[in-house]
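J.: One file: work_33.cif (mmCIF, C-alpha atoms, pLDDT in the B column; chains and numbers go by the auth columns).
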```
data_model
loop_
_atom_site.group_PDB
_atom_site.id
_atom_site.type_symbol
_atom_site.label_atom_id
_atom_site.label_comp_id
_atom_site.label_asym_id
_atom_site.label_seq_id
_atom_site.Cartn_x
_atom_site.Cartn_y
_atom_site.Cartn_z
_atom_site.B_iso_or_equiv
_atom_site.auth_seq_id
_atom_site.auth_asym_id
ATOM 1 C CA MET A 1 0.000 0.000 0.000 53.00 18 R
ATOM 2 C CA ILE A 2 1.124 3.483 -0.808 60.00 19 R
ATOM 3 C CA GLN A 3 0.182 4.699 2.685 57.00 20 R
ATOM 4 C CA ARG A 4 2.863 2.459 4.170 61.00 21 R
ATOM 5 C CA LEU A 5 5.435 3.811 1.752 59.00 22 R
ATOM 6 C CA ILE A 6 4.737 7.388 2.798 70.00 23 R
ATOM 7 C CA GLY A 7 4.635 6.443 6.510 76.00 24 R
ATOM 8 C CA MET A 8 1.125 7.649 7.308 85.00 25 R
ATOM 9 C CA LYS A 9 -1.984 5.791 8.433 91.00 26 R
ATOM 10 C CA ALA A 10 -4.956 5.867 6.086 91.00 27 R
ATOM 11 C CA ASP A 11 -7.233 7.838 8.415 93.00 28 R
ATOM 12 C CA LYS A 12 -4.604 10.538 8.986 95.00 29 R
ATOM 13 C CA LEU A 13 -3.932 10.762 5.262 95.00 30 R
ATOM 14 C CA TYR A 14 -7.663 11.213 4.654 96.00 31 R
ATOM 15 C CA GLU A 15 -7.773 14.078 7.181 96.00 32 R
ATOM 16 C CA HIS A 16 -4.868 15.799 5.428 95.00 33 R
ATOM 17 C CA LEU A 17 -6.413 15.298 1.993 96.00 34 R
ATOM 18 C CA ARG A 18 -9.602 16.910 3.270 97.00 35 R
ATOM 19 C CA GLU A 19 -7.532 19.856 4.517 96.00 36 R
ATOM 20 C CA VAL A 20 -5.977 20.233 1.061 96.00 37 R
ATOM 21 C CA ALA A 21 -9.461 20.147 -0.453 96.00 38 R
ATOM 22 C CA GLU A 22 -10.559 22.908 1.911 95.00 39 R
ATOM 23 C CA LYS A 23 -7.549 25.053 0.935 95.00 40 R
ATOM 24 C CA LEU A 24 -8.542 24.573 -2.709 94.00 41 R
ATOM 25 C CA GLY A 25 -12.114 25.637 -1.931 95.00 42 R
ATOM 26 C CA VAL A 26 -13.602 22.158 -2.354 96.00 43 R
ATOM 27 C CA VAL A 27 -16.276 21.116 0.140 97.00 44 R
ATOM 28 C CA VAL A 28 -16.015 17.397 0.946 97.00 45 R
ATOM 29 C CA LEU A 29 -19.286 15.808 2.032 95.00 46 R
ATOM 30 C CA GLU A 30 -19.760 12.211 3.115 94.00 47 R
ATOM 31 C CA ARG A 31 -23.182 10.784 2.375 90.00 48 R
ATOM 32 C CA ARG A 32 -24.865 7.387 2.383 86.00 49 R
ATOM 33 C CA LEU A 33 -25.279 7.111 -1.351 80.00 50 R
ATOM 34 C CA ARG A 34 -26.864 3.653 -1.227 75.00 51 R
ATOM 35 C CA LYS A 35 -29.649 4.975 0.950 70.00 52 R
ATOM 36 C CA ALA A 36 -30.435 7.752 -1.541 57.00 53 R
ATOM 37 C CA GLY A 37 -32.406 5.264 -3.622 65.00 54 R
ATOM 38 C CA VAL A 38 -30.532 6.045 -6.829 67.00 55 R
ATOM 39 C CA THR A 39 -27.421 4.555 -8.299 76.00 56 R
ATOM 40 C CA ALA A 40 -24.716 7.070 -7.477 79.00 57 R
ATOM 41 C CA GLN A 41 -20.970 7.078 -7.029 87.00 58 R
ATOM 42 C CA SER A 42 -18.547 9.351 -5.246 92.00 59 R
ATOM 43 C CA GLY A 43 -17.417 12.261 -7.361 93.00 60 R
ATOM 44 C CA PHE A 44 -16.805 15.930 -8.016 95.00 61 R
ATOM 45 C CA CYS A 45 -19.584 18.382 -8.801 94.00 62 R
ATOM 46 C CA ARG A 46 -20.502 22.034 -8.442 96.00 63 R
ATOM 47 C CA ILE A 47 -23.478 23.073 -6.377 95.00 64 R
ATOM 48 C CA LYS A 48 -24.512 26.680 -7.004 97.00 65 R
ATOM 49 C CA GLY A 49 -21.006 27.309 -8.348 96.00 66 R
ATOM 50 C CA VAL A 50 -19.239 25.909 -5.283 96.00 67 R
ATOM 51 C CA PRO A 51 -16.977 22.887 -5.904 96.00 68 R
ATOM 52 C CA HIS A 52 -17.957 19.794 -3.910 97.00 69 R
ATOM 53 C CA TYR A 53 -16.695 16.255 -3.654 97.00 70 R
ATOM 54 C CA ILE A 54 -19.490 13.916 -2.580 95.00 71 R
ATOM 55 C CA MET A 55 -17.973 10.825 -0.953 96.00 72 R
ATOM 56 C CA ASP A 56 -19.803 7.564 -0.295 92.00 73 R
ATOM 57 C CA LYS A 57 -19.649 7.174 3.476 92.00 74 R
ATOM 58 C CA HIS A 58 -19.476 3.374 3.219 91.00 75 R
ATOM 59 C CA LEU A 59 -16.209 3.202 1.281 94.00 76 R
ATOM 60 C CA SER A 60 -13.016 2.084 2.984 95.00 77 R
ATOM 61 C CA THR A 61 -10.626 4.828 4.036 95.00 78 R
ATOM 62 C CA HIS A 62 -8.075 3.539 1.516 93.00 79 R
ATOM 63 C CA ARG A 63 -10.618 3.921 -1.307 95.00 80 R
ATOM 64 C CA LYS A 64 -11.635 7.392 -0.073 96.00 81 R
ATOM 65 C CA ASN A 65 -7.973 8.416 -0.140 95.00 82 R
ATOM 66 C CA ARG A 66 -7.519 7.226 -3.715 94.00 83 R
ATOM 67 C CA LEU A 67 -10.674 8.937 -4.957 95.00 84 R
ATOM 68 C CA LEU A 68 -10.071 12.251 -3.223 95.00 85 R
ATOM 69 C CA ALA A 69 -6.381 12.330 -4.182 94.00 86 R
ATOM 70 C CA ALA A 70 -7.278 11.638 -7.827 92.00 87 R
ATOM 71 C CA CYS A 71 -9.649 14.605 -7.781 93.00 88 R
ATOM 72 C CA LEU A 72 -7.291 16.950 -5.962 93.00 89 R
ATOM 73 C CA LYS A 73 -4.206 16.162 -8.032 89.00 90 R
ATOM 74 C CA ARG A 74 -5.952 17.760 -11.013 88.00 91 R
ATOM 75 C CA MET A 75 -6.501 20.944 -9.007 86.00 92 R
ATOM 76 C CA ALA A 76 -3.536 21.035 -6.655 70.00 93 R
ATOM 77 C CA SER A 77 -0.972 23.724 -7.072 75.00 94 R
ATOM 78 C CA ASP A 78 2.581 23.871 -5.817 80.00 95 R
ATOM 79 C CA GLU A 79 1.490 27.043 -4.042 84.00 96 R
ATOM 80 C CA ILE A 80 -0.858 25.111 -1.727 89.00 97 R
ATOM 81 C CA HIS A 81 0.895 24.052 1.471 90.00 98 R
ATOM 82 C CA MET A 82 0.561 20.356 2.235 91.00 99 R
ATOM 83 C CA LEU A 83 2.621 17.864 4.141 92.00 100 R
ATOM 84 C CA PRO A 84 5.397 16.288 2.078 91.00 101 R
ATOM 85 C CA ALA A 85 3.871 12.833 2.694 91.00 102 R
ATOM 86 C CA VAL A 86 0.543 13.999 1.223 92.00 103 R
ATOM 87 C CA ARG A 87 2.291 15.509 -1.796 90.00 104 R
ATOM 88 C CA GLU A 88 4.226 12.241 -2.233 89.00 105 R
ATOM 89 C CA TYR A 89 1.006 10.217 -2.051 91.00 106 R
ATOM 90 C CA MET A 90 -0.569 12.359 -4.742 89.00 107 R
ATOM 91 C CA ALA A 91 2.560 12.060 -6.906 86.00 108 R
ATOM 92 C CA ARG A 92 2.544 8.283 -6.539 83.00 109 R
ATOM 93 C CA MET A 93 -1.127 8.244 -7.492 76.00 110 R
ATOM 94 C CA GLU A 94 -0.182 9.821 -10.830 67.00 111 R
ATOM 95 C CA ARG A 95 2.256 7.003 -11.531 64.00 112 R
ATOM 96 C CA ASP A 96 -0.274 4.232 -10.753 58.00 113 R
#
```
Re-express the file's structure as structure tokens.
T.:
Amino acid sequence: MIQRLIGMKADKLYEHLREVAEKLGVVVLERRLRKAGVTAQSGFCRIKGVPHYIMDKHLSTHRKNRLLAACLKRMASDEIHMLPAVREYMARMERD
């Protein structure tokens, strides 16, 4: 697992990824998508012009990390401060 290579537990990595999202102006919401009664997946959208990432609450933390990192790596700038381990995780995601 990539989390082991960067030396950070999955739940901590998820917290830091959410912080990066916040710095980029992305609201991350966790919802029970299965309960919504429609077939839906986690993903990026804009609600009234505000960027959101809607995350399925029932996914594993590892899967949440991969999904959120994939979204953020397209938006992330070198100007945004993030822990080196988080930046490394996102860089490794690009190579996978």
J.: Run the PyMOL selection byres ((chain R and resi 74) around 12) on the file and write out the hits as an MDAnalysis selection string.
T.: chainID R and resid 45:53 58:59 70:73 75:78 80:81
J.: Please evaluate the PyMOL selection byres ((chain R and resi 89) around 9) against the displayed coordinates and give the resulting residues as a PyMOL selection string.
T.: chain R and resi 34+37-38+41+43+84-88+90-93+107
J.: What gap, in Å, lies between CA of Asn82 in chain R and CA of Lys65 in chain R?
T.: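 If I compute the distance from CA of Asn82 in chain R to CA of Lys65 in chain R, I get 25.6 Å.
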J.: What are the closest atom pairs, with distances in Å to one decimal, for all residues of range 21-41 of chain R lying within 9 Å of range 96-104 of chain R? Consider all atoms listed in the file, order rows by chain and residue number, and present the result as a Markdown table.
T.:
```
| residue | atom | partner | partner_atom | distance |
| --- | --- | --- | --- | --- |
| R:Ile23 | CA | R:Ala102 | CA | 5.5 |
| R:Gly24 | CA | R:Ala102 | CA | 7.5 |
| R:Met25 | CA | R:Ala102 | CA | 7.5 |
| R:Leu30 | CA | R:Val103 | CA | 6.8 |
| R:His33 | CA | R:Val103 | CA | 7.1 |
| R:Leu34 | CA | R:Val103 | CA | 7.1 |
| R:Glu36 | CA | R:Met99 | CA | 8.4 |
| R:Val37 | CA | R:Met99 | CA | 6.6 |
| R:Lys40 | CA | R:Ile97 | CA | 7.2 |
| R:Leu41 | CA | R:Ile97 | CA | 7.8 |
```
J.: Quick one, how far is CA of His79 in chain R from CA of Gly60 in chain R?
T.: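 Distance reported for this atom pair: 15.6 Å.
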J.: Write out as a list in words which residues come within 7 Å of Pro68 in chain R when counting only C-alpha atoms, dropping same-chain ones fewer than 3 positions away.
T.: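 Using only C-alpha atoms, the neighbours found are Gly42, Val43, Val44, Cys62, Arg63 and Ile64 of chain R.
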J.: Start from the incomplete input, build N, CA and C atoms for range 50-66 of chain R, and deliver everything as a PDB file, keeping the file's coordinate frame.
T.:
```pdb
ATOM      1  N   LEU R  50     -24.752   7.077   0.008  1.00 80.00           N
ATOM      2  CA  LEU R  50     -25.279   7.111  -1.351  1.00 80.00           C
ATOM      3  C   LEU R  50     -26.204   5.940  -1.642  1.00 80.00           C
ATOM      4  N   ARG R  51     -25.991   4.809  -1.009  1.00 75.00           N
ATOM      5  CA  ARG R  51     -26.864   3.653  -1.227  1.00 75.00           C
ATOM      6  C   ARG R  51     -28.279   3.932  -0.736  1.00 75.00           C
ATOM      7  N   LYS R  52     -28.357   4.681   0.340  1.00 70.00           N
ATOM      8  CA  LYS R  52     -29.649   4.975   0.950  1.00 70.00           C
ATOM      9  C   LYS R  52     -30.443   6.005   0.143  1.00 70.00           C
ATOM     10  N   ALA R  53     -29.785   6.705  -0.753  1.00 57.00           N
ATOM     11  CA  ALA R  53     -30.435   7.752  -1.541  1.00 57.00           C
ATOM     12  C   ALA R  53     -31.486   7.186  -2.494  1.00 57.00           C
ATOM     13  N   GLY R  54     -31.409   5.882  -2.771  1.00 65.00           N
ATOM     14  CA  GLY R  54     -32.406   5.264  -3.622  1.00 65.00           C
ATOM     15  C   GLY R  54     -32.096   5.363  -5.102  1.00 65.00           C
ATOM     16  N   VAL R  55     -30.971   5.958  -5.439  1.00 67.00           N
ATOM     17  CA  VAL R  55     -30.532   6.045  -6.829  1.00 67.00           C
ATOM     18  C   VAL R  55     -29.116   5.486  -6.925  1.00 67.00           C
ATOM     19  N   THR R  56     -28.775   5.035  -8.102  1.00 76.00           N
ATOM     20  CA  THR R  56     -27.421   4.555  -8.299  1.00 76.00           C
ATOM     21  C   THR R  56     -26.507   5.768  -8.428  1.00 76.00           C
ATOM     22  N   ALA R  57     -25.621   5.915  -7.482  1.00 79.00           N
ATOM     23  CA  ALA R  57     -24.716   7.070  -7.477  1.00 79.00           C
ATOM     24  C   ALA R  57     -23.347   6.621  -6.996  1.00 79.00           C
ATOM     25  N   GLN R  58     -22.337   7.343  -7.440  1.00 87.00           N
ATOM     26  CA  GLN R  58     -20.970   7.078  -7.029  1.00 87.00           C
ATOM     27  C   GLN R  58     -20.360   8.359  -6.480  1.00 87.00           C
ATOM     28  N   SER R  59     -19.283   8.191  -5.734  1.00 92.00           N
ATOM     29  CA  SER R  59     -18.547   9.351  -5.246  1.00 92.00           C
ATOM     30  C   SER R  59     -18.027  10.135  -6.433  1.00 92.00           C
ATOM     31  N   GLY R  60     -17.952  11.471  -6.275  1.00 93.00           N
ATOM     32  CA  GLY R  60     -17.417  12.261  -7.361  1.00 93.00           C
ATOM     33  C   GLY R  60     -17.491  13.756  -7.113  1.00 93.00           C
ATOM     34  N   PHE R  61     -16.889  14.474  -8.056  1.00 95.00           N
ATOM     35  CA  PHE R  61     -16.805  15.930  -8.016  1.00 95.00           C
ATOM     36  C   PHE R  61     -18.007  16.540  -8.715  1.00 95.00           C
ATOM     37  N   CYS R  62     -18.510  17.629  -8.156  1.00 94.00           N
ATOM     38  CA  CYS R  62     -19.584  18.382  -8.801  1.00 94.00           C
ATOM     39  C   CYS R  62     -19.543  19.818  -8.287  1.00 94.00           C
ATOM     40  N   ARG R  63     -20.334  20.653  -8.914  1.00 96.00           N
ATOM     41  CA  ARG R  63     -20.502  22.034  -8.442  1.00 96.00           C
ATOM     42  C   ARG R  63     -21.953  22.214  -8.035  1.00 96.00           C
ATOM     43  N   ILE R  64     -22.141  22.785  -6.871  1.00 95.00           N
ATOM     44  CA  ILE R  64     -23.478  23.073  -6.377  1.00 95.00           C
ATOM     45  C   ILE R  64     -23.553  24.583  -6.183  1.00 95.00           C
ATOM     46  N   LYS R  65     -24.390  25.212  -7.004  1.00 97.00           N
ATOM     47  CA  LYS R  65     -24.512  26.680  -7.004  1.00 97.00           C
ATOM     48  C   LYS R  65     -23.139  27.336  -7.165  1.00 97.00           C
ATOM     49  N   GLY R  66     -22.314  26.753  -8.040  1.00 96.00           N
ATOM     50  CA  GLY R  66     -21.006  27.309  -8.348  1.00 96.00           C
ATOM     51  C   GLY R  66     -19.900  26.937  -7.377  1.00 96.00           C
TER      52      GLY R  66
END
```
